[in-house]
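As provided, target_37.cif (mmCIF, C-alpha atoms and all ligand atoms) reads as follows.
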data_data
#
loop_
_atom_site.label_atom_id
_atom_site.label_comp_id
_atom_site.auth_asym_id
_atom_site.auth_seq_id
_atom_site.Cartn_x
_atom_site.Cartn_y
_atom_site.Cartn_z
CA MET A 14 -29.45 -1.30 58.84
CA ALA A 15 -27.32 -2.73 61.66
CA GLN A 16 -30.39 -2.44 63.89
CA PHE A 17 -32.27 -5.11 61.93
CA ARG A 18 -29.54 -7.71 62.18
CA ILE A 19 -29.53 -10.35 64.88
CA ASP A 20 -26.75 -12.56 66.13
CA GLY A 21 -28.24 -14.86 68.74
CA PHE A 22 -29.88 -18.30 68.96
CA ALA A 23 -33.52 -18.91 68.09
CA ILE A 24 -36.21 -21.51 68.59
CA VAL A 25 -38.86 -21.47 65.85
CA ILE A 26 -41.93 -23.64 66.45
CA GLY A 27 -44.18 -24.37 63.49
CA ALA A 28 -41.03 -24.43 61.35
CA ALA A 29 -42.37 -27.00 58.88
CA GLY A 30 -45.21 -24.71 57.87
CA GLY A 31 -45.87 -21.47 56.02
CA ILE A 32 -45.01 -18.61 58.40
CA GLY A 33 -42.60 -20.61 60.60
CA ARG A 34 -40.63 -21.73 57.57
CA GLU A 35 -40.19 -18.12 56.44
CA VAL A 36 -39.18 -17.07 59.96
CA VAL A 37 -36.37 -19.64 59.90
CA LEU A 38 -35.09 -18.46 56.51
CA THR A 39 -35.38 -14.77 57.42
CA PHE A 40 -33.59 -15.21 60.75
CA ALA A 41 -30.82 -17.20 59.06
CA GLU A 42 -30.38 -14.43 56.46
CA ALA A 43 -30.39 -11.77 59.21
CA GLY A 44 -27.41 -13.27 61.04
CA ALA A 45 -28.74 -15.79 63.58
CA LYS A 46 -25.98 -17.93 65.09
CA GLY A 47 -28.25 -20.93 65.36
CA ILE A 48 -31.86 -22.03 65.02
CA LEU A 49 -33.72 -24.96 66.56
CA LEU A 50 -36.50 -25.77 64.10
CA ALA A 51 -39.42 -27.58 65.72
CA ASP A 52 -42.82 -28.83 64.63
CA ILE A 53 -45.20 -31.69 65.31
CA ASN A 54 -44.79 -32.58 61.64
CA SER A 55 -41.31 -34.02 61.15
CA GLY A 56 -41.76 -34.19 57.38
CA GLY A 57 -40.92 -30.69 56.23
CA ILE A 58 -38.38 -29.53 58.80
CA ALA A 59 -35.22 -31.15 57.39
CA GLN A 60 -35.74 -29.45 54.04
CA VAL A 61 -36.27 -26.04 55.68
CA ALA A 62 -33.13 -26.62 57.77
CA ASP A 63 -31.06 -27.37 54.63
CA GLN A 64 -32.41 -24.27 52.90
CA SER A 65 -31.58 -22.12 55.93
CA LYS A 66 -27.97 -23.34 55.84
CA SER A 67 -27.59 -22.15 52.26
CA LEU A 68 -29.04 -18.70 53.14
CA ALA A 69 -27.37 -18.11 56.52
CA SER A 70 -25.17 -15.02 56.70
CA ASN A 71 -23.46 -15.99 59.96
CA PRO A 72 -20.39 -18.12 59.07
CA ASN A 73 -20.85 -20.11 62.29
CA TYR A 74 -24.58 -20.78 61.67
CA ARG A 75 -25.89 -24.05 63.12
CA CYS A 76 -29.33 -25.56 62.92
CA ILE A 77 -30.95 -28.52 64.56
CA THR A 78 -34.41 -30.00 64.19
CA ALA A 79 -36.79 -31.57 66.68
CA VAL A 80 -40.33 -32.84 66.88
CA VAL A 81 -42.52 -31.19 69.50
CA ASP A 82 -46.14 -31.30 70.52
CA VAL A 83 -46.84 -27.91 72.08
CA THR A 84 -49.83 -29.29 74.00
CA ASP A 85 -47.55 -31.56 76.01
CA VAL A 86 -45.60 -30.06 78.93
CA ALA A 87 -42.84 -32.69 78.85
CA SER A 88 -42.40 -32.33 75.10
CA VAL A 89 -42.14 -28.52 75.34
CA ASP A 90 -39.72 -28.63 78.28
CA ALA A 91 -37.54 -31.20 76.46
CA LEU A 92 -37.45 -28.97 73.38
CA VAL A 93 -36.39 -25.88 75.29
CA ASN A 94 -33.77 -27.84 77.24
CA LEU A 95 -32.40 -29.19 73.95
CA ALA A 96 -31.87 -25.61 72.73
CA LYS A 97 -30.14 -24.71 75.98
CA THR A 98 -27.88 -27.79 75.79
CA GLU A 99 -26.98 -27.36 72.13
CA PHE A 100 -26.68 -23.56 71.96
CA GLY A 101 -25.98 -22.57 75.57
CA ARG A 102 -28.72 -19.92 75.48
CA VAL A 103 -31.99 -18.94 73.77
CA ASP A 104 -32.20 -15.35 72.55
CA TYR A 105 -35.39 -15.52 70.46
CA CYS A 106 -38.42 -17.77 70.37
CA ILE A 107 -41.04 -17.52 67.65
CA ASN A 108 -44.32 -19.30 68.27
CA ALA A 109 -45.49 -19.80 64.69
CA PHE A 110 -47.58 -22.94 65.18
CA GLY A 111 -51.35 -23.14 65.16
CA VAL A 112 -54.47 -24.78 63.81
CA ASP A 113 -57.83 -23.67 62.48
CA VAL A 114 -61.24 -25.01 63.53
CA ALA A 115 -62.34 -28.39 62.14
CA SER A 116 -65.41 -26.84 60.52
CA TYR A 117 -66.91 -23.40 60.17
CA VAL A 118 -70.15 -23.51 62.18
CA PRO A 119 -72.29 -21.03 64.12
CA PHE A 120 -71.47 -20.56 67.82
CA ASP A 121 -74.28 -22.85 69.06
CA GLU A 122 -73.12 -25.68 66.83
CA THR A 123 -69.48 -25.50 67.94
CA ASP A 124 -68.12 -28.89 68.95
CA PRO A 125 -66.72 -28.71 72.52
CA ASP A 126 -63.99 -31.21 71.58
CA ASP A 127 -62.88 -28.99 68.73
CA TYR A 128 -62.90 -26.03 71.11
CA ASP A 129 -60.54 -27.95 73.43
CA ARG A 130 -58.30 -29.00 70.53
CA VAL A 131 -57.95 -25.48 69.09
CA LEU A 132 -57.37 -23.81 72.47
CA GLY A 133 -55.03 -26.65 73.48
CA ILE A 134 -52.69 -25.86 70.59
CA ASN A 135 -53.19 -22.14 69.89
CA THR A 136 -53.48 -20.99 73.49
CA LYS A 137 -52.11 -23.53 75.94
CA GLY A 138 -49.27 -24.25 73.53
CA VAL A 139 -48.23 -20.59 73.55
CA PHE A 140 -48.51 -20.55 77.35
CA LEU A 141 -46.36 -23.67 77.81
CA VAL A 142 -43.65 -22.51 75.40
CA THR A 143 -43.51 -18.99 76.82
CA ARG A 144 -43.30 -20.37 80.34
CA ALA A 145 -40.46 -22.79 79.50
CA VAL A 146 -38.50 -20.31 77.35
CA GLY A 147 -38.98 -17.52 79.89
CA LYS A 148 -37.43 -19.72 82.60
CA ILE A 149 -34.35 -20.41 80.46
CA MET A 150 -33.99 -16.78 79.41
CA GLN A 151 -34.24 -15.62 83.02
CA SER A 152 -31.26 -17.80 83.93
CA GLN A 153 -28.93 -16.46 81.24
CA GLU A 154 -26.73 -13.36 81.13
CA PRO A 155 -28.14 -10.23 79.44
CA VAL A 156 -26.36 -9.15 76.27
CA SER A 157 -25.41 -5.88 74.61
CA VAL A 158 -24.81 -5.42 70.89
CA ASP A 159 -22.70 -3.10 68.80
CA LEU A 160 -24.95 -0.85 66.69
CA GLY A 161 -22.18 0.88 64.78
CA ARG A 162 -22.68 4.64 64.82
CA HIS A 163 -25.29 4.24 67.62
CA GLY A 164 -22.75 2.57 69.90
CA ARG A 165 -23.44 -0.41 72.16
CA ARG A 166 -26.96 -1.10 73.37
CA ASP A 167 -28.22 -3.40 76.14
CA VAL A 168 -30.80 -5.75 74.65
CA GLY A 169 -31.68 -7.78 77.71
CA ARG A 170 -32.09 -11.53 78.01
CA GLY A 171 -34.38 -12.41 75.12
CA SER A 172 -37.40 -11.82 72.92
CA ILE A 173 -40.44 -14.04 72.39
CA VAL A 174 -42.85 -13.38 69.51
CA ASN A 175 -46.29 -14.97 69.34
CA VAL A 176 -47.73 -15.24 65.85
CA SER A 177 -51.37 -14.62 66.69
CA SER A 178 -54.01 -13.26 64.30
CA ALA A 179 -56.23 -10.29 63.49
CA MET A 180 -58.82 -12.53 65.15
CA ALA A 181 -57.16 -11.59 68.42
CA ILE A 182 -58.72 -8.18 67.83
CA ALA A 183 -62.02 -8.83 66.06
CA ALA A 184 -64.27 -11.84 65.55
CA VAL A 185 -65.38 -13.36 62.27
CA PRO A 186 -68.47 -15.55 61.88
CA ALA A 187 -68.39 -19.31 62.48
CA LYS A 188 -64.92 -19.54 64.05
CA ALA A 189 -65.56 -19.23 67.79
CA PRO A 190 -62.75 -21.52 69.03
CA TYR A 191 -60.13 -19.92 66.77
CA THR A 192 -61.22 -16.37 67.67
CA THR A 193 -61.25 -17.23 71.36
CA SER A 194 -57.86 -18.93 71.18
CA LYS A 195 -56.27 -15.87 69.57
CA HIS A 196 -57.87 -13.36 71.96
CA ALA A 197 -56.37 -15.42 74.79
CA VAL A 198 -52.91 -15.13 73.23
CA THR A 199 -53.19 -11.37 73.82
CA GLY A 200 -53.65 -12.17 77.50
CA ILE A 201 -50.65 -14.49 77.56
CA THR A 202 -48.53 -11.91 75.72
CA LYS A 203 -49.41 -9.12 78.17
CA ALA A 204 -49.21 -11.29 81.31
CA ALA A 205 -45.81 -12.69 80.31
CA ALA A 206 -44.51 -9.22 79.36
CA MET A 207 -45.56 -7.99 82.79
CA ASP A 208 -43.95 -10.82 84.72
CA PHE A 209 -40.72 -11.11 82.72
CA LYS A 210 -39.98 -7.43 82.06
CA SER A 211 -37.77 -6.96 85.10
CA ALA A 212 -35.57 -9.77 83.75
CA GLY A 213 -35.15 -7.95 80.44
CA ILE A 214 -37.30 -10.43 78.50
CA ARG A 215 -39.78 -9.10 75.93
CA ILE A 216 -42.94 -10.83 74.74
CA ASN A 217 -44.89 -9.33 71.83
CA GLN A 218 -47.43 -10.55 69.31
CA VAL A 219 -47.94 -10.18 65.58
CA CYS A 220 -51.56 -10.17 64.41
CA PRO A 221 -51.95 -10.64 60.64
CA ILE A 222 -55.08 -11.07 58.56
CA TRP A 223 -54.90 -13.80 55.91
CA VAL A 224 -51.39 -15.01 55.13
CA LYS A 225 -50.62 -17.00 51.98
CA THR A 226 -49.82 -20.36 53.59
CA PRO A 227 -51.35 -23.84 53.57
CA MET A 228 -53.78 -22.63 56.29
CA PHE A 229 -55.05 -19.88 53.95
CA GLU A 230 -55.26 -22.31 51.01
CA GLU A 231 -57.37 -24.64 53.16
CA GLU A 232 -59.68 -21.75 54.07
CA CYS A 233 -60.06 -20.93 50.35
CA ARG A 234 -61.02 -24.56 49.73
CA ARG A 235 -63.62 -24.50 52.49
CA VAL A 236 -64.93 -21.01 51.73
CA PRO A 237 -64.37 -20.43 48.00
CA GLN A 238 -65.41 -16.77 48.25
CA THR A 239 -62.43 -16.02 50.60
CA PRO A 240 -60.34 -14.27 47.89
CA GLN A 241 -63.30 -11.99 47.06
CA ILE A 242 -63.85 -11.20 50.77
CA LEU A 243 -60.15 -10.45 51.12
CA GLU A 244 -60.22 -8.18 48.07
CA LYS A 245 -63.05 -6.21 49.70
CA LEU A 246 -61.46 -6.02 53.15
CA SER A 247 -57.80 -5.39 52.35
CA SER A 248 -56.72 -2.23 50.58
CA LEU A 249 -53.83 -4.29 49.16
CA LYS A 250 -56.30 -6.82 47.70
CA ARG A 251 -54.04 -9.81 48.38
CA PRO A 252 -53.12 -12.02 51.30
CA ILE A 253 -50.02 -11.14 53.32
CA GLU A 254 -46.89 -12.93 52.10
CA PRO A 255 -45.27 -15.16 54.78
CA ASP A 256 -42.01 -13.20 54.49
CA GLU A 257 -43.86 -10.03 55.54
CA VAL A 258 -44.89 -11.71 58.81
CA ALA A 259 -41.38 -13.11 59.24
CA SER A 260 -39.95 -9.60 58.86
CA ALA A 261 -42.29 -8.35 61.59
CA CYS A 262 -41.00 -11.14 63.86
CA LEU A 263 -37.42 -10.15 63.04
CA TYR A 264 -38.20 -6.52 63.81
CA LEU A 265 -39.56 -7.51 67.25
CA CYS A 266 -36.36 -9.46 67.99
CA SER A 267 -34.01 -6.79 66.72
CA PRO A 268 -31.95 -4.58 69.04
CA THR A 269 -33.87 -1.52 67.88
CA THR A 270 -37.12 -2.66 69.54
CA VAL A 271 -35.97 -3.19 73.13
CA TYR A 272 -38.58 -0.64 74.19
CA LEU A 273 -41.43 -2.76 72.74
CA ASN A 274 -42.92 -5.16 75.27
CA GLY A 275 -46.43 -6.60 75.51
CA ILE A 276 -47.46 -4.98 72.24
CA THR A 277 -49.69 -6.10 69.41
CA LEU A 278 -48.30 -5.47 65.94
CA THR A 279 -51.39 -5.59 63.76
CA MET A 280 -50.94 -6.45 60.07
CA ASP A 281 -54.28 -5.76 58.40
CA SER A 282 -53.74 -2.84 55.99
CA GLY A 283 -55.84 -0.68 58.34
CA LEU A 284 -58.86 -2.98 58.47
CA THR A 285 -59.35 -2.77 62.24
CA ALA A 286 -58.43 0.94 62.41
CA GLY A 287 -62.06 1.93 61.92
CA PRO A 288 -65.32 1.03 60.19
CA VAL A 289 -65.35 0.36 56.45
CA ILE A 290 -67.28 3.31 54.97
CA GLY A 291 -67.97 3.62 51.27
N1 LIG B 301 -52.38 -18.36 57.26
C1 LIG B 301 -53.16 -17.40 57.71
O1 LIG B 301 -54.04 -16.89 56.99
C2 LIG B 301 -52.97 -16.88 59.13
C3 LIG B 301 -53.51 -15.63 59.44
C4 LIG B 301 -53.34 -15.13 60.74
C5 LIG B 301 -52.66 -15.86 61.68
N2 LIG B 301 -52.15 -17.09 61.34
C6 LIG B 301 -51.45 -17.83 62.40
O2 LIG B 301 -50.11 -18.02 62.04
C7 LIG B 301 -49.59 -19.21 62.68
C8 LIG B 301 -48.92 -20.07 61.64
O3 LIG B 301 -49.89 -20.46 60.67
P1 LIG B 301 -49.54 -20.84 59.16
O4 LIG B 301 -50.46 -20.09 58.30
O5 LIG B 301 -48.09 -20.81 58.93
O6 LIG B 301 -50.11 -22.33 59.20
P2 LIG B 301 -49.48 -23.70 58.73
O7 LIG B 301 -50.58 -24.69 58.85
O8 LIG B 301 -48.77 -23.53 57.43
O9 LIG B 301 -48.35 -23.96 59.86
C9 LIG B 301 -48.68 -24.24 61.19
C10 LIG B 301 -47.66 -25.21 61.72
O10 LIG B 301 -48.01 -25.50 63.08
C11 LIG B 301 -47.67 -26.87 63.30
N3 LIG B 301 -48.41 -27.41 64.46
C12 LIG B 301 -49.73 -27.69 64.54
N4 LIG B 301 -50.01 -28.25 65.72
C13 LIG B 301 -48.85 -28.33 66.41
C14 LIG B 301 -48.49 -28.84 67.69
N5 LIG B 301 -49.40 -29.41 68.52
N6 LIG B 301 -47.19 -28.76 68.09
C15 LIG B 301 -46.25 -28.22 67.26
N7 LIG B 301 -46.53 -27.73 66.03
C16 LIG B 301 -47.82 -27.79 65.60
C17 LIG B 301 -48.11 -27.55 61.99
O11 LIG B 301 -47.53 -28.83 61.82
C18 LIG B 301 -47.66 -26.55 60.95
O12 LIG B 301 -46.37 -26.83 60.43
C19 LIG B 301 -50.81 -19.87 63.35
O13 LIG B 301 -50.83 -19.53 64.71
C20 LIG B 301 -51.99 -19.22 62.64
O14 LIG B 301 -53.14 -19.21 63.45
C21 LIG B 301 -52.27 -17.61 60.09
#
As structure tokens, please, write out the structure in this file.
Amino acid sequence: MAQFRIDGFAIVIGAAGGIGREVVLTFAEAGAKGILLADINSGGIAQVADQSKSLASNPNYRCITAVVDVTDVASVDALVNLAKTEFGRVDYCINAFGVDVASYVPFDETDPDDYDRVLGINTKGVFLVTRAVGKIMQSQEPVSVDLGRHGRRDVGRGSIVNVSSAMAIAAVPAKAPYTTSKHAVTGITKAAAMDFKSAGIRINQVCPIWVKTPMFEEECRRVPQTPQILEKLSSLKRPIEPDEVASACLYLCSPTTVYLNGITLTMDSGLTAGPVIG
């Protein structure tokens, strides 16, 4: 399993929350040398950082925390520069932040301010982080890793993973800004992959259906029939566990996936593979 171990430095944004928190813990377990945990919510990050220290498999593991607002250019640039200063390089960046719409309403009743808010975080935030991290990655030396019986492999300058959504692929009713914001992340992922590929930097996205996090719990509060809908739509009849998404992020950062760039890794138990018949 040497291929699924990592040994570089990561930035995880959205680290105080459900998926981001699991990404931090999974990357620490998988051998990361260091992680910069960032979120707009300073509350939960320190606790996640402490937990990651107790799980880290790299004896030299370091973690630092920072507050960031991904909608703000200066805040994003300061965060990425902090990682560069503290760690010397950034090998992985996981964009695991995001917000849902303020209320579930039909398209014609969508509040333009809420549209701006959701796209500002879910879309522009991913753009600003990818842009800043891509610049830093471009300036650093490429690395190669020892894969045991497979020998050494060049893994390039870095890997960025955008945690998007199955709503990057298909729409659901009453969530126009969220659906739009996630479709646009596909564009950012592909455009960045195109422009950074010659530098050996990979940008991919993970697109899960419902994940058991505070965001999912909030959706269940707003739409109490969500668990029944999920049971109908998913052959597994349960939401995705956050660690399953974190493992997908790890996979996309691992040395075995250097050939994957600009891809969408859909996690929907086959929902979008074809029409539901029967
Ligand atoms: N939970 C689900 O059902 C589900 C399904 C598919 C995709 N996703 C996506 O996964 C990602 C993570 O969601 P989650 O379920 O872990 O949600 P979450 O609410 O548990 O975590 C999201 C985190 O993003 C942070 N954040 C919000 N605005 C920010 C900003 N401006 N700057 C920095 N950080 C900010 C929040 O503070 C929070 O910690 C989101 O992009 C979400 O759209 C979630």
Problem set entry | Point-to-point distance from atom CA of Asp113 of chain A to atom CA of Lys188 of chain A, Å rounded to tenths |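 Atom CA of Asp113 of chain A sits 8.4 Å away from atom CA of Lys188 of chain A.
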For this session: Select, counting only C-alpha atoms, all protein, DNA and RNA residues no farther than 12 Å from (-56.3, -13.6, 77.9) in file coordinates, and express the selection as a PyMOL selection string.
Result: chain A and resi 132+136-137+139-140+181-182+192-205
Exercise. Hey, which residues come within 9 Å of ligand LIG 301 (chain B) if we count only C-alpha atoms and all ligand atoms? Could you give them as JSON, numbers by chain?
Worked result: {"A": [26, 27, 28, 29, 30, 31, 32, 33, 34, 35, 51, 52, 53, 54, 55, 57, 58, 80, 81, 82, 83, 84, 85, 89, 108, 109, 110, 111, 112, 113, 133, 134, 135, 138, 175, 176, 177, 178, 179, 180, 191, 195, 219, 220, 221, 222, 223, 224, 225, 226, 227, 228, 229, 230, 231, 232, 252, 253, 255, 258]}
Problem set entry | Closest of A:Pro119, A:Pro186, A:Gly164, A:Gly101 to Met150 of chain A - atom-to-atom distances counting all atoms listed in the file |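 Checking each candidate against Met150 of chain A, we get A:Gly101 as the closest.
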For this session: Grab the atom CA of Val236 of chain A to atom CA of Ser260 of chain A distance for me, in Å with one decimal place.
Result: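 Between atom CA of Val236 of chain A and atom CA of Ser260 of chain A the gap is 28.4 Å.
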